[in-house]
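> Sharing a structure, written as structure tokens. Questions coming.
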Amino acid sequence: MASGFAATISAWAAATKQRQTAVFRSSAQRVANEVRQTVNEGGRMPIKTGNLRRSLLASTTALPTVSTAKDFSDQSGEITLTIGTAELGQTVYLGFQAAYARRLNNGFVGEDSKGRSYNQEGYHFIEGVAQQWQRIVSEEAVKLQGQVAGAFARP
């Protein structure tokens, strides 16, 4: 067992990795939460039935695929579990299963495969949150730093 300076450095390195992992996970969870924030809540996602929001999935192996299902159940618990077990350096993929997610995000002008005409402006809810990644990570790091500092505050 290491002692003295070596033990101090080892403990510091282990604590640093734990903190980095905590910032990574809380940042990814915040992205998952913010991308589902509706226009009514101050976000960018349109909402009619909530189906689009419920169609979000998380994975650490591949981007979730589009589904032909018409109704989706809330996957919030599964998303939290996936993110909460992701390792530092691992990719967390977030994807919407609803077939119309791309059209609502990017917009669509023209006729679809069923002959319906659209002139839909995009809401850009995905890019809107993705562009905030650095800010989100910085804010989560500051929040964690405050929690760690608070744990060592003298009574």
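Going through the structure tokens in order, the chains are called A, B, and so on, while each chain numbers its residues from 1 and the ligands are numbered from 1 in the order shown.
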Contacts of region 48-60 of chain A at 10 Å or less, counting only C-alpha atoms, minus same-chain residues fewer than 6 places along, as an MDAnalysis selection string?
chainID A and resid 28:29 32:33 35:38 66:67 69:76 78:83 85:87 90:101 104
> The selected residues should be written to file as a short mmCIF file (atom, residue, chain, number, x, y, z; two decimals), in the first residue's frame (atoms: N, CA and C atoms).

```cif
data_model
loop_
_atom_site.label_atom_id
_atom_site.label_comp_id
_atom_site.auth_asym_id
_atom_site.auth_seq_id
_atom_site.Cartn_x
_atom_site.Cartn_y
_atom_site.Cartn_z
N ALA A 28 -24.63 15.05 -19.70
CA ALA A 28 -25.39 14.25 -20.67
C ALA A 28 -26.86 14.18 -20.27
N GLN A 29 -27.13 14.03 -18.98
CA GLN A 29 -28.52 13.99 -18.51
C GLN A 29 -29.20 15.32 -18.77
N ALA A 32 -30.20 15.53 -22.35
CA ALA A 32 -31.40 14.72 -22.57
C ALA A 32 -32.65 15.44 -22.06
N ASN A 33 -32.54 16.12 -20.95
CA ASN A 33 -33.68 16.85 -20.39
C ASN A 33 -34.00 18.09 -21.23
N VAL A 35 -33.24 18.78 -24.42
CA VAL A 35 -33.71 18.54 -25.79
C VAL A 35 -35.20 18.21 -25.80
N ARG A 36 -35.72 17.73 -24.68
CA ARG A 36 -37.15 17.42 -24.56
C ARG A 36 -37.96 18.57 -23.98
N GLN A 37 -37.32 19.68 -23.72
CA GLN A 37 -38.03 20.83 -23.15
C GLN A 37 -38.88 21.47 -24.26
N THR A 38 -40.16 21.59 -24.00
CA THR A 38 -41.09 22.06 -25.02
C THR A 38 -41.06 23.58 -25.17
N VAL A 66 -34.98 4.92 -35.89
CA VAL A 66 -36.36 5.36 -36.08
C VAL A 66 -37.26 4.13 -36.05
N SER A 67 -38.41 4.28 -35.45
CA SER A 67 -39.36 3.18 -35.31
C SER A 67 -40.63 3.49 -36.11
N ALA A 69 -43.46 2.56 -34.90
CA ALA A 69 -44.51 2.62 -33.88
C ALA A 69 -45.20 3.98 -33.93
N LYS A 70 -46.44 3.99 -33.54
CA LYS A 70 -47.23 5.23 -33.53
C LYS A 70 -47.22 5.90 -32.17
N ASP A 71 -47.12 5.12 -31.11
CA ASP A 71 -47.12 5.65 -29.74
C ASP A 71 -45.90 5.13 -29.00
N PHE A 72 -45.32 6.01 -28.19
CA PHE A 72 -44.13 5.66 -27.43
C PHE A 72 -44.39 5.87 -25.95
N SER A 73 -43.80 5.00 -25.14
CA SER A 73 -43.92 5.17 -23.69
C SER A 73 -42.73 5.98 -23.20
N ASP A 74 -42.89 6.58 -22.05
CA ASP A 74 -41.84 7.43 -21.48
C ASP A 74 -40.61 6.59 -21.16
N GLN A 75 -39.48 7.00 -21.69
CA GLN A 75 -38.21 6.29 -21.50
C GLN A 75 -37.28 7.02 -20.54
N SER A 76 -37.79 7.97 -19.79
CA SER A 76 -36.93 8.79 -18.92
C SER A 76 -36.08 7.95 -17.97
N GLU A 78 -35.09 4.82 -18.33
CA GLU A 78 -34.08 4.10 -19.11
C GLU A 78 -32.96 5.04 -19.57
N ILE A 79 -33.32 6.26 -19.93
CA ILE A 79 -32.32 7.25 -20.33
C ILE A 79 -31.40 7.56 -19.15
N THR A 80 -31.99 7.78 -17.99
CA THR A 80 -31.21 8.07 -16.79
C THR A 80 -30.30 6.91 -16.43
N LEU A 81 -30.79 5.69 -16.55
CA LEU A 81 -29.98 4.51 -16.26
C LEU A 81 -28.82 4.39 -17.24
N THR A 82 -29.08 4.58 -18.52
CA THR A 82 -28.02 4.49 -19.53
C THR A 82 -26.94 5.53 -19.27
N ILE A 83 -27.36 6.76 -19.03
CA ILE A 83 -26.39 7.83 -18.77
C ILE A 83 -25.67 7.60 -17.45
N THR A 85 -24.81 4.95 -16.02
CA THR A 85 -23.84 3.85 -16.03
C THR A 85 -22.78 4.04 -17.12
N ALA A 86 -22.87 5.13 -17.88
CA ALA A 86 -21.87 5.40 -18.92
C ALA A 86 -20.53 5.72 -18.27
N GLU A 87 -19.49 5.21 -18.87
CA GLU A 87 -18.13 5.45 -18.37
C GLU A 87 -17.54 6.68 -19.04
N GLN A 90 -16.85 7.23 -22.90
CA GLN A 90 -17.83 6.50 -23.69
C GLN A 90 -18.76 7.51 -24.36
N THR A 91 -19.29 7.17 -25.52
CA THR A 91 -20.24 8.03 -26.20
C THR A 91 -21.64 7.69 -25.73
N VAL A 92 -22.42 8.71 -25.42
CA VAL A 92 -23.83 8.53 -25.11
C VAL A 92 -24.59 9.05 -26.32
N TYR A 93 -25.31 8.16 -26.98
CA TYR A 93 -26.12 8.52 -28.14
C TYR A 93 -27.54 8.80 -27.68
N LEU A 94 -28.08 9.92 -28.12
CA LEU A 94 -29.47 10.25 -27.88
C LEU A 94 -30.16 10.35 -29.23
N GLY A 95 -31.28 9.67 -29.38
CA GLY A 95 -31.99 9.71 -30.66
C GLY A 95 -33.48 9.54 -30.47
N PHE A 96 -34.20 10.17 -31.37
CA PHE A 96 -35.66 10.08 -31.34
C PHE A 96 -36.12 8.95 -32.24
N GLN A 97 -37.05 8.15 -31.74
CA GLN A 97 -37.60 7.03 -32.52
C GLN A 97 -38.73 7.47 -33.45
N ALA A 98 -39.42 8.54 -33.11
CA ALA A 98 -40.56 8.99 -33.91
C ALA A 98 -40.08 9.34 -35.33
N ALA A 99 -40.76 8.80 -36.31
CA ALA A 99 -40.36 8.99 -37.70
C ALA A 99 -40.41 10.46 -38.12
N TYR A 100 -41.26 11.23 -37.50
CA TYR A 100 -41.42 12.63 -37.87
C TYR A 100 -40.46 13.58 -37.12
N ALA A 101 -39.60 13.04 -36.28
CA ALA A 101 -38.68 13.88 -35.50
C ALA A 101 -37.76 14.69 -36.40
N LEU A 104 -39.65 17.64 -37.97
CA LEU A 104 -39.93 18.72 -37.02
C LEU A 104 -38.64 19.45 -36.63
#
```
> When DSSP works through the backbone of this structure, what residues of chain A end up as alpha helix (DSSP H), shown as a VMD selection string?
chain A and resid 5 to 35 51 to 54 76 to 84 101 to 106 125 to 130 133 to 151
> Do you know which residues are at most 7 Å from Gly107 (chain A) counting only C-alpha atoms, after dropping those on the same chain fewer than 3 positions away, and could you put them as a JSON list (two decimals) with N, CA and C atoms, in the first residue's frame?

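selection.json written:
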```
[["chain", "number", "residue", "atom", "x", "y", "z"],
["A", 103, "ARG", "N", -38.25, 15.71, -39.47],
["A", 103, "ARG", "CA", -39.01, 16.76, -40.15],
["A", 103, "ARG", "C", -39.29, 17.93, -39.21],
["A", 104, "LEU", "N", -39.65, 17.64, -37.97],
["A", 104, "LEU", "CA", -39.93, 18.72, -37.02],
["A", 104, "LEU", "C", -38.64, 19.45, -36.63],
["A", 120, "GLN", "N", -43.13, 23.22, -43.64],
["A", 120, "GLN", "CA", -42.89, 23.21, -42.19],
["A", 120, "GLN", "C", -41.51, 23.78, -41.87],
["A", 121, "GLU", "N", -41.49, 24.82, -41.09],
["A", 121, "GLU", "CA", -40.23, 25.38, -40.63],
["A", 121, "GLU", "C", -39.70, 24.49, -39.51],
["A", 122, "GLY", "N", -38.38, 24.33, -39.45],
["A", 122, "GLY", "CA", -37.77, 23.49, -38.42],
["A", 122, "GLY", "C", -37.70, 24.18, -37.07]]
```
> Have a look at A:Ala62, A:Ala130, A:Arg135, A:Gly89 and name the one nearest to Gln20 (chain A); count only C-alpha atoms.
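Closest to Gln20 (chain A), using only C-alpha atoms: A:Gly89.
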> According to DSSP computed on the backbone, where in chain A is there strand (DSSP E or B)? Give the residues as number ranges by chain.
A: 38, 45, 56-59, 93-96, 107-111, 117-121
> Figure out the distance between CA of Tyr118 (chain A) and CA of Asn105 (chain A), please, to one decimal in Å.
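We find that CA of Asn105 (chain A) and CA of Tyr118 (chain A) lie 13.8 Å from each other.
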